[in-house]
$ cat work10.pdb   # PDB, C-alpha atoms
ATOM      1  CA  MET Y   1     159.042 308.954  44.216
ATOM      2  CA  LEU Y   2     160.144 307.515  40.874
ATOM      3  CA  ALA Y   3     161.262 304.287  42.569
ATOM      4  CA  ARG Y   4     157.591 303.479  43.249
ATOM      5  CA  HIS Y   5     156.901 303.463  39.505
ATOM      6  CA  ASP Y   6     158.786 300.730  37.671
ATOM      7  CA  HIS Y   7     157.964 302.075  34.225
ATOM      8  CA  ALA Y   8     159.210 305.567  35.103
ATOM      9  CA  ALA Y   9     162.467 304.205  36.490
ATOM     10  CA  SER Y  10     162.914 302.019  33.386
ATOM     11  CA  TRP Y  11     162.284 304.967  31.086
ATOM     12  CA  LEU Y  12     164.803 307.193  32.861
ATOM     13  CA  GLN Y  13     167.364 304.377  32.885
ATOM     14  CA  ALA Y  14     166.895 303.920  29.137
ATOM     15  CA  TRP Y  15     167.536 307.638  28.567
ATOM     16  CA  SER Y  16     170.610 307.452  30.768
ATOM     17  CA  ASP Y  17     171.861 304.361  28.905
ATOM     18  CA  LEU Y  18     171.442 306.242  25.633
ATOM     19  CA  GLY Y  19     173.997 308.756  26.901
ATOM     20  CA  ARG Y  20     171.743 311.724  27.576
ATOM     21  CA  ALA Y  21     173.247 314.486  29.696
ATOM     22  CA  PRO Y  22     172.788 314.073  33.450
ATOM     23  CA  ARG Y  23     171.046 317.452  33.743
ATOM     24  CA  THR Y  24     168.590 316.436  31.041
ATOM     25  CA  ILE Y  25     167.806 313.251  32.937
ATOM     26  CA  GLU Y  26     167.371 315.281  36.143
ATOM     27  CA  ALA Y  27     164.979 317.716  34.450
ATOM     28  CA  TYR Y  28     162.936 314.854  32.981
ATOM     29  CA  ALA Y  29     162.874 313.144  36.380
ATOM     30  CA  ARG Y  30     161.599 316.315  38.089
ATOM     31  CA  GLY Y  31     158.842 316.853  35.542
ATOM     32  CA  LEU Y  32     157.763 313.228  35.581
ATOM     33  CA  ALA Y  33     157.870 313.040  39.393
ATOM     34  CA  GLU Y  34     155.478 316.013  39.639
ATOM     35  CA  TYR Y  35     153.105 314.351  37.191
ATOM     36  CA  LEU Y  36     153.252 311.023  39.027
ATOM     37  CA  LEU Y  37     152.486 312.792  42.315
ATOM     38  CA  LEU Y  38     149.424 314.329  40.716
ATOM     39  CA  CYS Y  39     148.360 310.875  39.466
ATOM     40  CA  GLU Y  40     148.702 309.477  42.987
ATOM     41  CA  ARG Y  41     146.736 312.371  44.444
ATOM     42  CA  GLU Y  42     143.982 311.926  41.840
ATOM     43  CA  LEU Y  43     144.038 308.102  42.282
ATOM     44  CA  VAL Y  44     144.878 307.562  38.613
ATOM     45  CA  ASP Y  45     147.174 304.850  37.282
ATOM     46  CA  PRO Y  46     149.691 306.753  35.116
ATOM     47  CA  VAL Y  47     149.824 303.884  32.614
ATOM     48  CA  THR Y  48     146.087 304.201  31.897
ATOM     49  CA  ALA Y  49     145.751 307.986  32.352
ATOM     50  CA  LYS Y  50     143.772 309.923  29.770
ATOM     51  CA  ARG Y  51     144.231 313.298  28.125
ATOM     52  CA  SER Y  52     141.911 314.819  30.737
ATOM     53  CA  HIS Y  53     144.329 313.780  33.487
ATOM     54  CA  VAL Y  54     147.210 315.443  31.654
ATOM     55  CA  ALA Y  55     145.013 318.540  31.298
ATOM     56  CA  VAL Y  56     144.583 318.619  35.096
ATOM     57  CA  TYR Y  57     148.387 318.592  35.369
ATOM     58  CA  VAL Y  58     148.659 321.494  32.917
ATOM     59  CA  ARG Y  59     146.012 323.419  34.845
ATOM     60  CA  GLU Y  60     147.919 322.843  38.086
ATOM     61  CA  LEU Y  61     151.172 324.074  36.527
ATOM     62  CA  SER Y  62     149.399 327.111  35.113
ATOM     63  CA  ALA Y  63     147.805 328.062  38.436
ATOM     64  CA  ARG Y  64     150.722 327.343  40.773
ATOM     65  CA  PRO Y  65     151.638 330.379  42.918
ATOM     66  CA  HIS Y  66     154.870 332.121  42.028
ATOM     67  CA  ARG Y  67     157.760 330.682  44.063
ATOM     68  CA  ARG Y  68     159.020 334.158  45.016
ATOM     69  CA  GLY Y  69     155.683 335.189  46.470
ATOM     70  CA  ALA Y  70     153.046 337.729  45.534
ATOM     71  CA  ASN Y  71     155.354 340.756  45.752
ATOM     72  CA  VAL Y  72     157.302 340.063  42.557
ATOM     73  CA  ILE Y  73     157.656 343.251  40.531
ATOM     74  CA  SER Y  74     157.476 342.273  36.896
ATOM     75  CA  LEU Y  75     155.076 342.924  34.046
ATOM     76  CA  ASP Y  76     154.507 339.235  33.358
ATOM     77  CA  SER Y  77     154.502 338.040  36.958
ATOM     78  CA  GLY Y  78     151.448 336.305  38.238
ATOM     79  CA  SER Y  79     150.355 332.854  39.074
ATOM     80  CA  GLY Y  80     151.590 329.793  37.294
ATOM     81  CA  LEU Y  81     154.862 328.678  35.867
ATOM     82  CA  ALA Y  82     156.353 330.290  32.793
ATOM     83  CA  ASN Y  83     155.180 328.918  29.457
ATOM     84  CA  ALA Y  84     158.649 327.528  28.693
ATOM     85  CA  THR Y  85     158.724 325.693  32.038
ATOM     86  CA  ILE Y  86     155.302 324.167  31.411
ATOM     87  CA  GLN Y  87     156.503 323.071  27.962
ATOM     88  CA  GLN Y  88     159.584 321.459  29.514
ATOM     89  CA  ARG Y  89     157.505 319.562  32.096
ATOM     90  CA  LEU Y  90     155.135 318.345  29.387
ATOM     91  CA  VAL Y  91     158.015 317.113  27.227
ATOM     92  CA  ALA Y  92     159.040 314.744  30.008
ATOM     93  CA  VAL Y  93     155.481 313.413  30.338
ATOM     94  CA  ARG Y  94     155.074 313.104  26.551
ATOM     95  CA  LEU Y  95     158.344 311.201  26.190
ATOM     96  CA  PHE Y  96     157.354 308.907  29.072
ATOM     97  CA  TYR Y  97     154.110 308.067  27.280
ATOM     98  CA  ASP Y  98     156.008 307.555  24.013
ATOM     99  CA  PHE Y  99     158.071 304.975  25.907
ATOM    100  CA  LEU Y 100     154.925 303.248  27.187
ATOM    101  CA  VAL Y 101     153.516 303.104  23.656
ATOM    102  CA  GLU Y 102     156.774 301.646  22.304
ATOM    103  CA  GLU Y 103     156.779 299.047  25.104
ATOM    104  CA  GLY Y 104     153.235 298.016  24.160
ATOM    105  CA  LEU Y 105     151.723 299.166  27.453
ATOM    106  CA  ARG Y 106     149.495 301.800  25.813
ATOM    107  CA  GLN Y 107     147.849 302.263  22.442
ATOM    108  CA  SER Y 108     148.307 306.033  22.216
ATOM    109  CA  ASN Y 109     149.973 309.012  23.850
ATOM    110  CA  PRO Y 110     147.577 311.282  25.818
ATOM    111  CA  VAL Y 111     149.916 314.274  25.527
ATOM    112  CA  GLY Y 112     149.163 316.142  22.306
ATOM    113  CA  ARG Y 113     151.787 317.262  19.847
ATOM    114  CA  GLY Y 114     151.645 320.306  17.678
ATOM    115  CA  ARG Y 115     151.572 319.242  14.043
ATOM    116  CA  TYR Y 116     151.189 320.770  10.630
ATOM    117  CA  VAL Y 117     148.331 319.692   8.410
ATOM    118  CA  PRO Y 118     148.641 320.817   4.756
ATOM    119  CA  GLY Y 119     145.977 323.096   3.333
ATOM    120  CA  ARG Y 120     144.486 326.223   4.784
ATOM    121  CA  ARG Y 121     140.832 325.398   4.213
ATOM    122  CA  ARG Y 122     138.731 323.176   6.416
ATOM    123  CA  GLY Y 123     141.007 322.875   9.381
ATOM    124  CA  GLY Y 124     144.368 322.886   7.612
ATOM    125  CA  GLY Y 125     147.409 324.620   9.030
ATOM    126  CA  LEU Y 126     149.107 324.354  12.387
ATOM    127  CA  HIS Y 127     147.302 322.358  15.097
ATOM    128  CA  GLN Y 128     148.622 323.148  18.545
ATOM    129  CA  GLY Y 129     149.342 320.687  21.318
ATOM    130  CA  LEU Y 130     147.977 321.043  24.861
ATOM    131  CA  VAL Y 131     149.825 324.290  25.600
ATOM    132  CA  PRO Y 132     150.569 326.833  22.878
ATOM    133  CA  ARG Y 133     154.147 328.059  22.650
ATOM    134  CA  LEU Y 134     154.436 331.704  23.538
ATOM    135  CA  ALA Y 135     157.233 333.975  22.420
ATOM    136  CA  LYS Y 136     157.979 337.166  24.333
ATOM    137  CA  LEU Y 137     158.018 340.230  22.166
ATOM    138  CA  PRO Y 138     160.902 342.668  22.497
TER     139      PRO Y 138
END
$ encode --input "work10.pdb" --output "structure tokens"
Amino acid sequence: MLARHDHAASWLQAWSDLGRAPRTIEAYARGLAEYLLLCERELVDPVTAKRSHVAVYVRELSARPHRRGANVISLDSGSGLANATIQQRLVAVRLFYDFLVEEGLRQSNPVGRGRYVPGRRRGGGLHQGLVPRLAKLP
């Protein structure tokens, strides 16, 4: 899958050349491959994709059926991947777009980042990225 996308293969090779752990590279490759499959299915060039295309990917991850089936007995079981898994998949896509921006192939990154804006009035404070980080309570 990734071999069909020169930019994706170049990005993963760069991460490998930088000495990243093989399992990290594998996780990034899995997340990016899923996103690239969605782009192919939606007939979107990943290099020119917009934030709305990334949002479709997030929606798909959030609605995906549980891999163990409908009979999972757990309080938080349901459809969609876990929040941490969605975050991990989005990191791979965000870093890929960072690479495209650095290479001059894009002007901006369509994957939002959470950021802090000083001041509490008029929109100040923490602005979340595409998917808010959830923390399980004890």
$ resolve_selection --input "work10.pdb" --expression "the PyMOL selection byres ((chain Y and resi 2) around 10)" --output "ChimeraX atom specification"
/Y:1,3-10,12,29-30,32-34,36-37
$ atom_distance --input "work10.pdb" --atom1 "atom CA of Arg106 of chain Y" --atom2 "atom CA of Leu43 of chain Y"
18.5 Å
$ resolve_selection --input "work10.pdb" --expression "the PyMOL selection byres ((chain Y and resi 98) around 12)" --output "list in words"
His7, Ala8, Trp11, Val47, Val91, Ala92, Val93, Arg94, Leu95, Phe96, Tyr97, Phe99, Leu100, Val101, Glu102, Glu103, Gly104, Leu105, Arg106, Gln107, Ser108, Asn109, Pro110, Val111, Gly112 and Arg113 of chain Y
$ resolve_selection --input "work10.pdb" --expression "the PyMOL selection byres ((chain Y and resi 61) around 10)" --output "list in words"
Glu34, Tyr35, Ala55, Val56, Tyr57, Val58, Arg59, Glu60, Ser62, Ala63, Arg64, Pro65, Ser79, Gly80, Leu81, Ala82, Asn83, Thr85, Ile86, Arg89 and Leu90 of chain Y
$ atom_distance --input "work10.pdb" --atom1 "atom CA of Gln87 of chain Y" --atom2 "atom CA of Ala27 of chain Y"
11.9 Å
$ atom_distance --input "work10.pdb" --atom1 "atom CA of Gly31 of chain Y" --atom2 "atom CA of Pro46 of chain Y"
13.6 Å
$ closest_residue --input "work10.pdb" --among "Y:Val54, Y:Pro22, Y:Gln88, Y:Gln13" --to "Leu38 of chain Y" --atoms "all atoms listed in the file"
Y:Val54
$ decode --input "work10.pdb" --residues "segment 80-96 of chain Y" --atoms "all heavy atoms" --output "PDB file, in the first residue's frame"
ATOM      1  N   GLY Y  80     -16.193   1.892  17.534  1.00  0.00           N
ATOM      2  CA  GLY Y  80     -15.067   2.808  17.401  1.00  0.00           C
ATOM      3  C   GLY Y  80     -13.844   2.347  18.161  1.00  0.00           C
ATOM      4  O   GLY Y  80     -13.910   1.523  19.062  1.00  0.00           O
ATOM      5  N   LEU Y  81     -12.729   2.883  17.713  1.00  0.00           N
ATOM      6  CA  LEU Y  81     -11.466   2.594  18.385  1.00  0.00           C
ATOM      7  C   LEU Y  81     -11.363   3.413  19.664  1.00  0.00           C
ATOM      8  O   LEU Y  81     -12.051   4.420  19.831  1.00  0.00           O
ATOM      9  CB  LEU Y  81     -10.305   2.944  17.453  1.00  0.00           C
ATOM     10  CG  LEU Y  81     -10.218   2.155  16.150  1.00  0.00           C
ATOM     11  CD1 LEU Y  81      -9.103   2.702  15.285  1.00  0.00           C
ATOM     12  CD2 LEU Y  81     -10.009   0.687  16.431  1.00  0.00           C
ATOM     13  N   ALA Y  82     -10.486   3.002  20.542  1.00  0.00           N
ATOM     14  CA  ALA Y  82     -10.247   3.756  21.767  1.00  0.00           C
ATOM     15  C   ALA Y  82      -9.668   5.125  21.426  1.00  0.00           C
ATOM     16  O   ALA Y  82      -8.999   5.300  20.400  1.00  0.00           O
ATOM     17  CB  ALA Y  82      -9.285   2.985  22.668  1.00  0.00           C
ATOM     18  N   ASN Y  83      -9.918   6.086  22.287  1.00  0.00           N
ATOM     19  CA  ASN Y  83      -9.429   7.447  22.067  1.00  0.00           C
ATOM     20  C   ASN Y  83      -7.914   7.463  21.868  1.00  0.00           C
ATOM     21  O   ASN Y  83      -7.414   8.149  20.970  1.00  0.00           O
ATOM     22  CB  ASN Y  83      -9.836   8.343  23.243  1.00  0.00           C
ATOM     23  CG  ASN Y  83      -9.402   9.771  23.055  1.00  0.00           C
ATOM     24  OD1 ASN Y  83      -8.320  10.157  23.498  1.00  0.00           O
ATOM     25  ND2 ASN Y  83     -10.231  10.550  22.385  1.00  0.00           N
ATOM     26  N   ALA Y  84      -7.187   6.709  22.675  1.00  0.00           N
ATOM     27  CA  ALA Y  84      -5.722   6.690  22.552  1.00  0.00           C
ATOM     28  C   ALA Y  84      -5.284   6.135  21.203  1.00  0.00           C
ATOM     29  O   ALA Y  84      -4.308   6.598  20.610  1.00  0.00           O
ATOM     30  CB  ALA Y  84      -5.105   5.873  23.689  1.00  0.00           C
ATOM     31  N   THR Y  85      -6.004   5.153  20.684  1.00  0.00           N
ATOM     32  CA  THR Y  85      -5.670   4.571  19.379  1.00  0.00           C
ATOM     33  C   THR Y  85      -5.937   5.581  18.270  1.00  0.00           C
ATOM     34  O   THR Y  85      -5.131   5.724  17.347  1.00  0.00           O
ATOM     35  CB  THR Y  85      -6.484   3.281  19.137  1.00  0.00           C
ATOM     36  OG1 THR Y  85      -6.247   2.392  20.221  1.00  0.00           O
ATOM     37  CG2 THR Y  85      -6.089   2.623  17.831  1.00  0.00           C
ATOM     38  N   ILE Y  86      -7.045   6.292  18.358  1.00  0.00           N
ATOM     39  CA  ILE Y  86      -7.346   7.327  17.371  1.00  0.00           C
ATOM     40  C   ILE Y  86      -6.268   8.401  17.412  1.00  0.00           C
ATOM     41  O   ILE Y  86      -5.798   8.865  16.364  1.00  0.00           O
ATOM     42  CB  ILE Y  86      -8.747   7.925  17.615  1.00  0.00           C
ATOM     43  CG1 ILE Y  86      -9.814   6.859  17.374  1.00  0.00           C
ATOM     44  CG2 ILE Y  86      -8.983   9.135  16.728  1.00  0.00           C
ATOM     45  CD1 ILE Y  86     -11.205   7.276  17.774  1.00  0.00           C
ATOM     46  N   GLN Y  87      -5.847   8.796  18.608  1.00  0.00           N
ATOM     47  CA  GLN Y  87      -4.778   9.789  18.742  1.00  0.00           C
ATOM     48  C   GLN Y  87      -3.508   9.293  18.067  1.00  0.00           C
ATOM     49  O   GLN Y  87      -2.837  10.034  17.349  1.00  0.00           O
ATOM     50  CB  GLN Y  87      -4.497  10.075  20.221  1.00  0.00           C
ATOM     51  CG  GLN Y  87      -5.620  10.729  20.969  1.00  0.00           C
ATOM     52  CD  GLN Y  87      -5.817  12.181  20.612  1.00  0.00           C
ATOM     53  OE1 GLN Y  87      -4.938  12.811  20.061  1.00  0.00           O
ATOM     54  NE2 GLN Y  87      -6.979  12.702  20.922  1.00  0.00           N
ATOM     55  N   GLN Y  88      -3.160   8.030  18.285  1.00  0.00           N
ATOM     56  CA  GLN Y  88      -1.948   7.464  17.700  1.00  0.00           C
ATOM     57  C   GLN Y  88      -2.026   7.467  16.172  1.00  0.00           C
ATOM     58  O   GLN Y  88      -1.060   7.820  15.496  1.00  0.00           O
ATOM     59  CB  GLN Y  88      -1.746   6.034  18.198  1.00  0.00           C
ATOM     60  CG  GLN Y  88      -0.502   5.383  17.619  1.00  0.00           C
ATOM     61  CD  GLN Y  88      -0.442   3.904  17.917  1.00  0.00           C
ATOM     62  OE1 GLN Y  88      -1.472   3.219  17.885  1.00  0.00           O
ATOM     63  NE2 GLN Y  88       0.736   3.408  18.202  1.00  0.00           N
ATOM     64  N   ARG Y  89      -3.170   7.102  15.615  1.00  0.00           N
ATOM     65  CA  ARG Y  89      -3.326   7.089  14.159  1.00  0.00           C
ATOM     66  C   ARG Y  89      -3.228   8.502  13.596  1.00  0.00           C
ATOM     67  O   ARG Y  89      -2.653   8.718  12.528  1.00  0.00           O
ATOM     68  CB  ARG Y  89      -4.658   6.460  13.767  1.00  0.00           C
ATOM     69  CG  ARG Y  89      -4.889   5.068  14.311  1.00  0.00           C
ATOM     70  CD  ARG Y  89      -4.165   3.999  13.508  1.00  0.00           C
ATOM     71  NE  ARG Y  89      -4.110   2.727  14.190  1.00  0.00           N
ATOM     72  CZ  ARG Y  89      -5.043   1.804  14.169  1.00  0.00           C
ATOM     73  NH1 ARG Y  89      -6.153   1.990  13.491  1.00  0.00           N
ATOM     74  NH2 ARG Y  89      -4.870   0.674  14.822  1.00  0.00           N
ATOM     75  N   LEU Y  90      -3.781   9.474  14.312  1.00  0.00           N
ATOM     76  CA  LEU Y  90      -3.720  10.855  13.845  1.00  0.00           C
ATOM     77  C   LEU Y  90      -2.312  11.437  13.925  1.00  0.00           C
ATOM     78  O   LEU Y  90      -1.944  12.287  13.118  1.00  0.00           O
ATOM     79  CB  LEU Y  90      -4.686  11.735  14.644  1.00  0.00           C
ATOM     80  CG  LEU Y  90      -6.125  11.678  14.186  1.00  0.00           C
ATOM     81  CD1 LEU Y  90      -6.984  12.564  15.071  1.00  0.00           C
ATOM     82  CD2 LEU Y  90      -6.267  12.079  12.744  1.00  0.00           C
ATOM     83  N   VAL Y  91      -1.530  10.997  14.894  1.00  0.00           N
ATOM     84  CA  VAL Y  91      -0.144  11.463  14.994  1.00  0.00           C
ATOM     85  C   VAL Y  91       0.617  11.100  13.726  1.00  0.00           C
ATOM     86  O   VAL Y  91       1.346  11.925  13.173  1.00  0.00           O
ATOM     87  CB  VAL Y  91       0.559  10.895  16.247  1.00  0.00           C
ATOM     88  CG1 VAL Y  91       2.057  11.063  16.171  1.00  0.00           C
ATOM     89  CG2 VAL Y  91       0.026  11.574  17.492  1.00  0.00           C
ATOM     90  N   ALA Y  92       0.423   9.886  13.248  1.00  0.00           N
ATOM     91  CA  ALA Y  92       1.111   9.468  12.021  1.00  0.00           C
ATOM     92  C   ALA Y  92       0.705  10.351  10.843  1.00  0.00           C
ATOM     93  O   ALA Y  92       1.553  10.804  10.067  1.00  0.00           O
ATOM     94  CB  ALA Y  92       0.807   8.006  11.719  1.00  0.00           C
ATOM     95  N   VAL Y  93      -0.581  10.635  10.719  1.00  0.00           N
ATOM     96  CA  VAL Y  93      -1.064  11.472   9.614  1.00  0.00           C
ATOM     97  C   VAL Y  93      -0.547  12.898   9.769  1.00  0.00           C
ATOM     98  O   VAL Y  93      -0.108  13.522   8.800  1.00  0.00           O
ATOM     99  CB  VAL Y  93      -2.601  11.420   9.536  1.00  0.00           C
ATOM    100  CG1 VAL Y  93      -3.137  12.352   8.468  1.00  0.00           C
ATOM    101  CG2 VAL Y  93      -3.074   9.993   9.267  1.00  0.00           C
ATOM    102  N   ARG Y  94      -0.575  13.423  11.000  1.00  0.00           N
ATOM    103  CA  ARG Y  94      -0.084  14.790  11.237  1.00  0.00           C
ATOM    104  C   ARG Y  94       1.397  14.911  10.903  1.00  0.00           C
ATOM    105  O   ARG Y  94       1.832  15.858  10.254  1.00  0.00           O
ATOM    106  CB  ARG Y  94      -0.317  15.202  12.692  1.00  0.00           C
ATOM    107  CG  ARG Y  94       0.210  16.608  12.984  1.00  0.00           C
ATOM    108  CD  ARG Y  94      -0.097  17.049  14.402  1.00  0.00           C
ATOM    109  NE  ARG Y  94       0.227  16.102  15.437  1.00  0.00           N
ATOM    110  CZ  ARG Y  94       1.444  15.932  15.959  1.00  0.00           C
ATOM    111  NH1 ARG Y  94       2.458  16.634  15.521  1.00  0.00           N
ATOM    112  NH2 ARG Y  94       1.642  15.062  16.921  1.00  0.00           N
ATOM    113  N   LEU Y  95       2.191  13.941  11.328  1.00  0.00           N
ATOM    114  CA  LEU Y  95       3.624  13.978  11.043  1.00  0.00           C
ATOM    115  C   LEU Y  95       3.901  13.840   9.544  1.00  0.00           C
ATOM    116  O   LEU Y  95       4.835  14.449   9.021  1.00  0.00           O
ATOM    117  CB  LEU Y  95       4.348  12.885  11.826  1.00  0.00           C
ATOM    118  CG  LEU Y  95       4.395  13.097  13.336  1.00  0.00           C
ATOM    119  CD1 LEU Y  95       4.984  11.873  14.025  1.00  0.00           C
ATOM    120  CD2 LEU Y  95       5.166  14.345  13.688  1.00  0.00           C
ATOM    121  N   PHE Y  96       3.097  13.046   8.853  1.00  0.00           N
ATOM    122  CA  PHE Y  96       3.226  12.925   7.399  1.00  0.00           C
ATOM    123  C   PHE Y  96       2.985  14.280   6.737  1.00  0.00           C
ATOM    124  O   PHE Y  96       3.747  14.699   5.863  1.00  0.00           O
ATOM    125  CB  PHE Y  96       2.253  11.873   6.873  1.00  0.00           C
ATOM    126  CG  PHE Y  96       2.170  11.810   5.375  1.00  0.00           C
ATOM    127  CD1 PHE Y  96       3.261  11.406   4.621  1.00  0.00           C
ATOM    128  CD2 PHE Y  96       1.000  12.152   4.722  1.00  0.00           C
ATOM    129  CE1 PHE Y  96       3.193  11.342   3.237  1.00  0.00           C
ATOM    130  CE2 PHE Y  96       0.922  12.086   3.343  1.00  0.00           C
ATOM    131  CZ  PHE Y  96       2.018  11.681   2.594  1.00  0.00           C
TER     132      PHE Y  96
END
